[in-house]
Every structure is written in C-alpha cells, then in structure tokens.
file start.cif (mmCIF, C-alpha atoms)
data_data
loop_
_atom_site.group_PDB
_atom_site.id
_atom_site.type_symbol
_atom_site.label_atom_id
_atom_site.label_comp_id
_atom_site.auth_asym_id
_atom_site.auth_seq_id
_atom_site.Cartn_x
_atom_site.Cartn_y
_atom_site.Cartn_z
ATOM 1 C CA MET A 1 7.843 -0.291 -35.584
ATOM 2 C CA THR A 2 7.785 -0.383 -39.389
ATOM 3 C CA PRO A 3 10.604 -2.594 -40.685
ATOM 4 C CA SER A 4 12.697 -0.248 -42.813
ATOM 5 C CA LEU A 5 16.334 -1.353 -42.636
ATOM 6 C CA LEU A 6 17.747 -3.373 -45.511
ATOM 7 C CA VAL A 7 21.155 -4.444 -44.236
ATOM 8 C CA PRO A 8 23.910 -5.752 -46.505
ATOM 9 C CA PHE A 9 26.314 -7.179 -43.931
ATOM 10 C CA TYR A 10 29.213 -8.949 -45.613
ATOM 11 C CA GLU A 11 31.073 -10.410 -42.639
ATOM 12 C CA HIS A 12 31.404 -14.051 -41.607
ATOM 13 C CA PRO A 13 29.380 -15.024 -38.515
ATOM 14 C CA ALA A 14 32.374 -16.822 -37.019
ATOM 15 C CA ASP A 15 34.480 -13.651 -37.270
ATOM 16 C CA ARG A 16 31.827 -11.198 -36.047
ATOM 17 C CA PRO A 17 29.420 -13.123 -33.786
ATOM 18 C CA GLU A 18 28.667 -10.068 -31.645
ATOM 19 C CA ALA A 19 27.659 -8.041 -34.702
ATOM 20 C CA TRP A 20 25.367 -10.779 -35.970
ATOM 21 C CA ALA A 21 23.829 -11.018 -32.493
ATOM 22 C CA ALA A 22 23.146 -7.269 -32.579
ATOM 23 C CA LEU A 23 21.549 -7.628 -35.987
ATOM 24 C CA LEU A 24 19.272 -10.398 -34.747
ATOM 25 C CA ALA A 25 18.324 -8.320 -31.708
ATOM 26 C CA ALA A 26 17.177 -5.558 -34.078
ATOM 27 C CA ALA A 27 14.872 -7.929 -36.007
ATOM 28 C CA PRO A 28 11.686 -5.821 -35.623
ATOM 29 C CA ALA A 29 13.355 -2.940 -37.490
ATOM 30 C CA LEU A 30 14.708 -5.040 -40.349
ATOM 31 C CA TYR A 31 13.157 -5.114 -43.801
ATOM 32 C CA GLY A 32 15.714 -7.761 -44.712
ATOM 33 C CA VAL A 33 19.337 -8.881 -44.485
ATOM 34 C CA VAL A 34 21.522 -9.601 -47.504
ATOM 35 C CA ILE A 35 23.740 -12.630 -47.017
ATOM 36 C CA ASN A 36 26.885 -12.880 -49.082
ATOM 37 C CA PRO A 37 29.177 -15.723 -47.979
ATOM 38 C CA ALA A 38 31.686 -15.444 -50.840
ATOM 39 C CA ASP A 39 30.694 -12.789 -53.387
ATOM 40 C CA GLY A 40 27.613 -14.921 -53.782
ATOM 41 C CA ALA A 41 26.575 -18.248 -52.312
ATOM 42 C CA GLY A 42 30.109 -19.644 -52.440
ATOM 43 C CA PRO A 43 31.415 -22.984 -53.734
ATOM 44 C CA ALA A 44 29.881 -25.073 -50.936
ATOM 45 C CA PRO A 45 27.390 -24.594 -48.086
ATOM 46 C CA ASP A 46 28.705 -22.632 -45.106
ATOM 47 C CA PRO A 47 27.146 -23.929 -41.860
ATOM 48 C CA ALA A 48 27.687 -20.635 -40.016
ATOM 49 C CA PHE A 49 25.715 -18.687 -42.617
ATOM 50 C CA ALA A 50 23.039 -21.396 -42.688
ATOM 51 C CA GLU A 51 22.626 -20.988 -38.915
ATOM 52 C CA VAL A 52 22.301 -17.197 -38.919
ATOM 53 C CA ALA A 53 19.954 -17.331 -41.903
ATOM 54 C CA ALA A 54 17.726 -19.775 -40.033
ATOM 55 C CA ARG A 55 17.725 -17.524 -36.974
ATOM 56 C CA LEU A 56 16.831 -14.495 -39.072
ATOM 57 C CA ARG A 57 13.923 -16.329 -40.685
ATOM 58 C CA ALA A 58 12.740 -17.534 -37.274
ATOM 59 C CA ALA A 59 12.708 -13.892 -36.172
ATOM 60 C CA GLY A 60 10.550 -12.954 -39.165
ATOM 61 C CA VAL A 61 13.315 -11.275 -41.171
ATOM 62 C CA ARG A 62 13.652 -11.676 -44.931
ATOM 63 C CA VAL A 63 16.865 -13.395 -45.994
ATOM 64 C CA LEU A 64 18.083 -12.132 -49.371
ATOM 65 C CA GLY A 65 20.724 -14.070 -51.263
ATOM 66 C CA TYR A 66 23.356 -11.933 -53.012
ATOM 67 C CA ALA A 67 24.107 -12.372 -56.720
ATOM 68 C CA ASP A 68 26.080 -10.041 -58.989
ATOM 69 C CA THR A 69 24.587 -9.490 -62.448
ATOM 70 C CA ASP A 70 27.545 -7.421 -63.748
ATOM 71 C CA TYR A 71 25.166 -4.907 -65.354
ATOM 72 C CA GLY A 72 23.582 -7.606 -67.474
ATOM 73 C CA ARG A 73 26.845 -9.101 -68.689
ATOM 74 C CA ARG A 74 26.833 -12.149 -66.422
ATOM 75 C CA PRO A 75 25.108 -15.099 -68.119
ATOM 76 C CA HIS A 76 21.507 -15.699 -67.090
ATOM 77 C CA GLY A 77 22.194 -19.306 -66.060
ATOM 78 C CA GLU A 78 25.020 -18.337 -63.699
ATOM 79 C CA VAL A 79 22.868 -15.837 -61.835
ATOM 80 C CA VAL A 80 19.982 -18.279 -61.516
ATOM 81 C CA ALA A 81 22.291 -21.054 -60.298
ATOM 82 C CA GLU A 82 23.585 -18.654 -57.635
ATOM 83 C CA LEU A 83 20.057 -17.920 -56.437
ATOM 84 C CA LEU A 84 19.217 -21.621 -56.290
ATOM 85 C CA ARG A 85 22.277 -22.261 -54.117
ATOM 86 C CA HIS A 86 21.204 -19.469 -51.763
ATOM 87 C CA ARG A 87 17.756 -21.062 -51.533
ATOM 88 C CA ASP A 88 18.959 -24.620 -51.067
ATOM 89 C CA TRP A 89 21.892 -23.943 -48.741
ATOM 90 C CA TYR A 90 20.668 -20.975 -46.694
ATOM 91 C CA GLY A 91 16.906 -21.013 -47.066
ATOM 92 C CA ALA A 92 16.942 -17.575 -48.700
ATOM 93 C CA ASP A 93 13.398 -16.398 -49.352
ATOM 94 C CA GLY A 94 14.490 -13.391 -51.374
ATOM 95 C CA ALA A 95 17.163 -12.208 -53.801
ATOM 96 C CA PHE A 96 19.423 -9.158 -53.899
ATOM 97 C CA LEU A 97 20.715 -8.655 -57.422
ATOM 98 C CA ASP A 98 23.724 -6.354 -57.444
ATOM 99 C CA GLN A 99 25.123 -4.181 -60.239
ATOM 100 C CA VAL A 100 21.861 -4.148 -62.157
ATOM 101 C CA ALA A 101 21.770 -2.159 -65.387
ATOM 102 C CA THR A 102 19.739 1.050 -65.645
ATOM 103 C CA ALA A 103 19.109 1.389 -69.401
ATOM 104 C CA PRO A 104 15.856 0.331 -71.070
ATOM 105 C CA ALA A 105 17.777 -1.878 -73.515
ATOM 106 C CA ALA A 106 18.652 -4.251 -70.652
ATOM 107 C CA LEU A 107 15.056 -4.641 -69.476
ATOM 108 C CA PRO A 108 14.357 -7.930 -71.334
ATOM 109 C CA HIS A 109 17.424 -9.593 -69.779
ATOM 110 C CA HIS A 110 16.458 -8.490 -66.287
ATOM 111 C CA ARG A 111 12.826 -9.436 -66.859
ATOM 112 C CA ARG A 112 13.994 -13.003 -67.500
ATOM 113 C CA LEU A 113 16.092 -12.871 -64.340
ATOM 114 C CA ALA A 114 13.115 -11.623 -62.341
ATOM 115 C CA VAL A 115 10.898 -14.441 -63.613
ATOM 116 C CA ALA A 116 13.592 -17.000 -62.805
ATOM 117 C CA ALA A 117 14.167 -15.538 -59.330
ATOM 118 C CA ARG A 118 10.450 -15.778 -58.542
ATOM 119 C CA ALA A 119 10.412 -19.358 -59.828
ATOM 120 C CA ALA A 120 13.358 -20.096 -57.522
ATOM 121 C CA GLY A 121 11.274 -18.977 -54.545
ATOM 122 C CA ALA A 122 12.219 -15.312 -54.163
ATOM 123 C CA THR A 123 9.178 -13.702 -52.558
ATOM 124 C CA THR A 124 11.159 -10.454 -52.273
ATOM 125 C CA LEU A 125 13.321 -9.249 -55.144
ATOM 126 C CA VAL A 126 15.693 -6.286 -54.848
ATOM 127 C CA PHE A 127 17.531 -4.718 -57.780
ATOM 128 C CA ASN A 128 20.594 -2.692 -56.809
ATOM 129 C CA HIS A 129 21.137 -0.138 -59.546
ATOM 130 C CA GLY A 130 22.950 2.297 -57.270
ATOM 131 C CA THR A 131 21.448 5.171 -59.270
ATOM 132 C CA PRO A 132 17.967 5.887 -60.690
ATOM 133 C CA PRO A 133 17.121 3.380 -63.464
ATOM 134 C CA ASP A 134 14.653 3.481 -66.327
ATOM 135 C CA PRO A 135 11.101 3.439 -64.890
ATOM 136 C CA GLY A 136 10.430 0.055 -66.489
ATOM 137 C CA TYR A 137 12.505 -1.708 -63.839
ATOM 138 C CA ALA A 138 9.926 -0.865 -61.169
ATOM 139 C CA GLU A 139 7.631 -3.512 -62.658
ATOM 140 C CA LEU A 140 10.231 -6.240 -62.195
ATOM 141 C CA ALA A 141 11.306 -5.987 -58.559
ATOM 142 C CA ASP A 142 9.808 -5.217 -55.155
ATOM 143 C CA LEU A 143 12.548 -2.748 -54.322
ATOM 144 C CA LEU A 144 14.926 -0.664 -56.441
ATOM 145 C CA VAL A 145 18.137 0.687 -54.892
ATOM 146 C CA THR A 146 18.218 4.130 -56.470
ATOM 147 C CA PHE A 147 21.279 5.279 -54.533
ATOM 148 C CA GLU A 148 24.358 3.491 -53.243
ATOM 149 C CA GLY A 149 27.345 5.571 -52.253
ATOM 150 C CA PRO A 150 28.993 7.674 -49.551
ATOM 151 C CA TRP A 151 27.248 10.217 -47.353
ATOM 152 C CA ASP A 152 29.243 13.104 -48.841
ATOM 153 C CA SER A 153 27.635 12.377 -52.224
ATOM 154 C CA TYR A 154 24.200 11.542 -50.847
ATOM 155 C CA ARG A 155 23.765 14.818 -49.023
ATOM 156 C CA THR A 156 24.320 16.805 -52.214
ATOM 157 C CA LEU A 157 21.837 14.779 -54.288
ATOM 158 C CA ASP A 158 18.102 14.223 -54.245
ATOM 159 C CA PRO A 159 17.686 10.614 -55.424
ATOM 160 C CA PRO A 160 14.171 9.254 -55.944
ATOM 161 C CA ALA A 161 12.621 8.158 -52.665
ATOM 162 C CA ALA A 162 9.180 6.869 -53.642
ATOM 163 C CA ASP A 163 7.590 3.701 -52.320
ATOM 164 C CA GLY A 164 9.593 0.758 -53.601
ATOM 165 C CA HIS A 165 12.877 2.655 -53.456
ATOM 166 C CA CYS A 166 15.881 2.018 -51.224
ATOM 167 C CA HIS A 167 18.978 4.092 -50.441
ATOM 168 C CA LEU A 168 22.207 2.479 -49.238
ATOM 169 C CA VAL A 169 24.543 5.085 -47.744
ATOM 170 C CA TYR A 170 27.991 4.385 -46.344
ATOM 171 C CA ALA A 171 30.585 6.557 -44.617
ATOM 172 C CA ALA A 172 27.565 7.937 -42.770
ATOM 173 C CA PRO A 173 27.752 9.649 -39.376
ATOM 174 C CA PRO A 174 25.427 8.606 -36.539
ATOM 175 C CA GLY A 175 21.853 9.836 -36.670
ATOM 176 C CA ILE A 176 21.570 9.875 -40.461
ATOM 177 C CA ARG A 177 18.278 8.603 -41.852
ATOM 178 C CA PRO A 178 18.079 8.322 -45.645
ATOM 179 C CA THR A 179 14.874 9.585 -47.226
ATOM 180 C CA ALA A 180 13.778 6.364 -48.963
ATOM 181 C CA PRO A 181 11.183 4.195 -47.172
ATOM 182 C CA VAL A 182 13.718 1.343 -47.022
ATOM 183 C CA HIS A 183 17.324 2.248 -46.358
ATOM 184 C CA CYS A 184 20.619 1.600 -44.649
ATOM 185 C CA ALA A 185 23.236 4.080 -43.413
ATOM 186 C CA ALA A 186 26.466 2.489 -42.230
ATOM 187 C CA PRO A 187 29.728 4.046 -41.028
ATOM 188 C CA GLY A 188 31.976 1.830 -43.154
ATOM 189 C CA THR A 189 34.348 3.303 -45.713
ATOM 190 C CA GLY A 190 36.834 2.175 -48.334
ATOM 191 C CA ALA A 191 36.542 -0.909 -50.506
ATOM 192 C CA HIS A 192 34.458 -2.855 -47.962
ATOM 193 C CA PRO A 193 31.896 -0.447 -46.484
ATOM 194 C CA TRP A 194 29.326 -3.184 -45.846
ATOM 195 C CA GLY A 195 31.585 -4.882 -43.348
ATOM 196 C CA THR A 196 30.077 -2.575 -40.738
ATOM 197 C CA LEU A 197 26.583 -2.561 -39.288
ATOM 198 C CA PRO A 198 24.298 0.441 -39.514
ATOM 199 C CA HIS A 199 23.493 2.284 -36.324
ATOM 200 C CA LEU A 200 20.850 -0.136 -35.069
ATOM 201 C CA PRO A 201 17.949 0.679 -32.761
ATOM 202 C CA GLU A 202 18.103 -0.553 -29.202
ATOM 203 C CA PRO A 203 16.558 -4.021 -28.767
ATOM 204 C CA ALA A 204 13.050 -4.108 -27.340
ATOM 205 C CA ARG A 205 13.006 -4.820 -23.603
#
call {"tool": "encode", "arguments": {"input": "start.cif", "output": "structure tokens"}}
result
Amino acid sequence: MTPSLLVPFYEHPADRPEAWAALLAAAPALYGVVINPADGAGPAPDPAFAEVAARLRAAGVRVLGYADTDYGRRPHGEVVAELLRHRDWYGADGAFLDQVATAPAALPHHRRLAVAARAAGATTLVFNHGTPPDPGYAELADLLVTFEGPWDSYRTLDPPAADGHCHLVYAAPPGIRPTAPVHCAAPGTGAHPWGTLPHLPEPAR
C-alpha cells in the first residue's frame, strides 16, 4: 500500500480516543498526520497530543506540526517559534504551514520560512495554499496543497495534481478519491470540517 493520505485531524485525543485509534490502525495508508492542539502548538505541552504523536511516529507515520502563516503576514519569528514548540513538545518531524501565499512576491518570505523549518528538523514540509500557487513554491516544500475546499467545488474544477501536489476535500461523500497523489477527503462540513476523519481503509488483519 502506497501511503497517500495526509490527514488534518483537529480533535483532542481525550475527546475522540476512538477516532485517534482508527487513525493509528490505518497507519500503512498515511502519508502523514497534521497535529494542531490549539491553532498551533498551544501555550504549553499537551500530554495527550504528545502520546498520540509518539504512537504515530512508532507506526512510521510522519507527524506534521501545524502553523498558520497568515498569507505571509505573520512574523517570521512567530512561525518558527511555533515549529520549534511542535518539535520539542510533540516530536514533530515535519511542518504543515497553513494559509500560505500564492504570489511570486511572497516567495522570499516563504523561502526563509522553509530554510528555518528545515533547520528546526522538518524532514517533510507542506505548504497549504488551498489553490494553485506560483510555480516557484514547488522548490521550497515537499508538498503543495493546490486545493482545499468542499466537494461541490472540487468536482467542478481541475486543480493541478502532479507529483508533489495534495488535495484536501471536505463535505465529501464516501468513495471519493481526489486526483492528487497525496490527498484527504473527509465528510466534515461547516467551520470545522477537519474535526472528522476521512473514510479510512480497513486495518490490515
């Protein structure tokens, strides 16, 4: 099985232990899991997230720490500090940068962020643009999210789906498989669509 699911699952392990158990059982299918304790690493370490992150790593799954870049408006130092907390508190071996700009003018800022993320230990770096960015961003990250949105929009579009691209689709019915090599299709809707798991494969027996 080729690991192809990048799962942003923004629920606390203490509140949804059965969902986290299902995610761990699907480890062979997972490209990575984005952890997001409190719109980022949070103000202090969370032991429950540290435990699930350790279990994911033990199962061979990438653990990506979430940090919002606010389309390049968030100061460089704040984003880097967030990534360092993810590394130190949760053992994150990758980074998921959200709300990344798409324009070429923002490339130098994001190049600095990419260098800093690698220096902080991110062996996998994901930029979530949500829409196709300038081609220059492909040199900075391992994976570009070139679509994030609901299924009703996704099915009418043809977003880029080359190697190194990822599509994150919510409000998706069962059986949907996005066209990008790495992807996630979850049933969640509304303001918190990533509080639901994708339709996961059955665990190996």
call {"tool": "resolve_selection", "arguments": {"input": "start.cif", "expression": "the PyMOL selection byres ((chain A and resi 189) around 8)", "output": "PyMOL selection string"}}
result
chain A and resi 150+170-171+187-188+190-193
call {"tool": "residues_around", "arguments": {"input": "start.cif", "residues": "stretch 37-40 of chain A", "least_positions_apart": "2", "cutoff": "6 Å", "atoms": "all atoms listed in the file", "output": "PDB file with C-alpha atoms, in the frame of the given file"}}
result
ATOM      1  CA  GLY A  42      30.109 -19.644 -52.440  1.00  0.00           C
ATOM      2  CA  TYR A  66      23.356 -11.933 -53.012  1.00  0.00           C
ATOM      3  CA  ALA A  67      24.107 -12.372 -56.720  1.00  0.00           C
TER       4      ALA A  67
END
call {"tool": "atom_distance", "arguments": {"input": "start.cif", "atom1": "atom CA of A:Gly195", "atom2": "atom CA of A:Tyr10"}}
result
5.2 Å
call {"tool": "residues_around", "arguments": {"input": "start.cif", "residues": "stretch 157-162 of chain A", "least_positions_apart": "2", "cutoff": "7 Å", "atoms": "only C-alpha atoms", "output": "list of chain:residue names"}}
result
A:Pro132, A:Thr146, A:Phe147, A:Ser153, A:Tyr154, A:Arg155, A:Gly164, A:His165, A:Thr179, A:Ala180, A:Pro181
call {"tool": "closest_residue", "arguments": {"input": "start.cif", "among": "A:Val115, A:Ala81, A:Val182, A:Val63", "to": "A:Ala29", "atoms": "only C-alpha atoms"}}
result
A:Val182
call {"tool": "atom_distance", "arguments": {"input": "start.cif", "atom1": "atom CA of A:Thr102", "atom2": "atom CA of A:Thr131"}}
result
7.8 Å
call {"tool": "build_atoms", "arguments": {"input": "start.cif", "residues": "stretch 45-65 of chain A", "atoms": "N, CA, C and O atoms", "output": "short mmCIF file (atom, residue, chain, number, x, y, z; two decimals), in the frame of the given file"}}
result
data_model
loop_
_atom_site.label_atom_id
_atom_site.label_comp_id
_atom_site.auth_asym_id
_atom_site.auth_seq_id
_atom_site.Cartn_x
_atom_site.Cartn_y
_atom_site.Cartn_z
N PRO A 45 28.15 -25.16 -49.20
CA PRO A 45 27.39 -24.59 -48.09
C PRO A 45 28.29 -24.21 -46.91
O PRO A 45 29.25 -24.92 -46.60
N ASP A 46 27.98 -23.10 -46.28
CA ASP A 46 28.70 -22.63 -45.11
C ASP A 46 27.78 -22.76 -43.90
O ASP A 46 26.79 -22.03 -43.80
N PRO A 47 28.07 -23.70 -42.98
CA PRO A 47 27.15 -23.93 -41.86
C PRO A 47 26.89 -22.70 -41.01
O PRO A 47 25.79 -22.53 -40.48
N ALA A 48 27.88 -21.82 -40.85
CA ALA A 48 27.69 -20.64 -40.02
C ALA A 48 26.66 -19.70 -40.64
O ALA A 48 25.81 -19.13 -39.94
N PHE A 49 26.72 -19.52 -41.95
CA PHE A 49 25.72 -18.69 -42.62
C PHE A 49 24.34 -19.36 -42.60
O PHE A 49 23.32 -18.69 -42.48
N ALA A 50 24.32 -20.69 -42.75
CA ALA A 50 23.04 -21.40 -42.69
C ALA A 50 22.38 -21.18 -41.33
O ALA A 50 21.15 -21.00 -41.24
N GLU A 51 23.18 -21.17 -40.26
CA GLU A 51 22.63 -20.99 -38.92
C GLU A 51 22.06 -19.59 -38.73
O GLU A 51 20.93 -19.42 -38.24
N VAL A 52 22.82 -18.55 -39.13
CA VAL A 52 22.30 -17.20 -38.92
C VAL A 52 21.10 -16.93 -39.82
O VAL A 52 20.17 -16.22 -39.42
N ALA A 53 21.11 -17.51 -41.01
CA ALA A 53 19.95 -17.33 -41.90
C ALA A 53 18.71 -17.95 -41.28
O ALA A 53 17.62 -17.37 -41.34
N ALA A 54 18.86 -19.12 -40.68
CA ALA A 54 17.73 -19.77 -40.03
C ALA A 54 17.22 -18.94 -38.86
O ALA A 54 16.01 -18.82 -38.64
N ARG A 55 18.14 -18.36 -38.11
CA ARG A 55 17.73 -17.52 -36.97
C ARG A 55 17.03 -16.25 -37.44
O ARG A 55 16.07 -15.79 -36.81
N LEU A 56 17.50 -15.67 -38.52
CA LEU A 56 16.83 -14.50 -39.07
C LEU A 56 15.41 -14.85 -39.51
O LEU A 56 14.45 -14.12 -39.20
N ARG A 57 15.26 -15.94 -40.23
CA ARG A 57 13.92 -16.33 -40.68
C ARG A 57 13.01 -16.61 -39.50
O ARG A 57 11.83 -16.23 -39.51
N ALA A 58 13.54 -17.25 -38.46
CA ALA A 58 12.74 -17.53 -37.27
C ALA A 58 12.28 -16.25 -36.59
O ALA A 58 11.23 -16.23 -35.92
N ALA A 59 13.07 -15.18 -36.76
CA ALA A 59 12.71 -13.89 -36.17
C ALA A 59 11.82 -13.07 -37.10
O ALA A 59 11.50 -11.92 -36.80
N GLY A 60 11.43 -13.64 -38.24
CA GLY A 60 10.55 -12.95 -39.16
C GLY A 60 11.23 -12.00 -40.11
O GLY A 60 10.58 -11.12 -40.69
N VAL A 61 12.54 -12.17 -40.31
CA VAL A 61 13.32 -11.28 -41.17
C VAL A 61 13.54 -11.93 -42.54
O VAL A 61 13.91 -13.11 -42.60
N ARG A 62 13.35 -11.17 -43.59
CA ARG A 62 13.65 -11.68 -44.93
C ARG A 62 15.15 -11.95 -45.06
O ARG A 62 15.97 -11.15 -44.63
N VAL A 63 15.47 -13.06 -45.71
CA VAL A 63 16.86 -13.40 -45.99
C VAL A 63 17.05 -13.32 -47.51
O VAL A 63 16.43 -14.07 -48.27
N LEU A 64 17.90 -12.38 -47.95
CA LEU A 64 18.08 -12.13 -49.37
C LEU A 64 19.45 -12.64 -49.81
O LEU A 64 20.49 -12.19 -49.29
N GLY A 65 19.47 -13.54 -50.75
CA GLY A 65 20.72 -14.07 -51.26
C GLY A 65 21.34 -13.14 -52.29
O GLY A 65 20.67 -12.66 -53.21
#
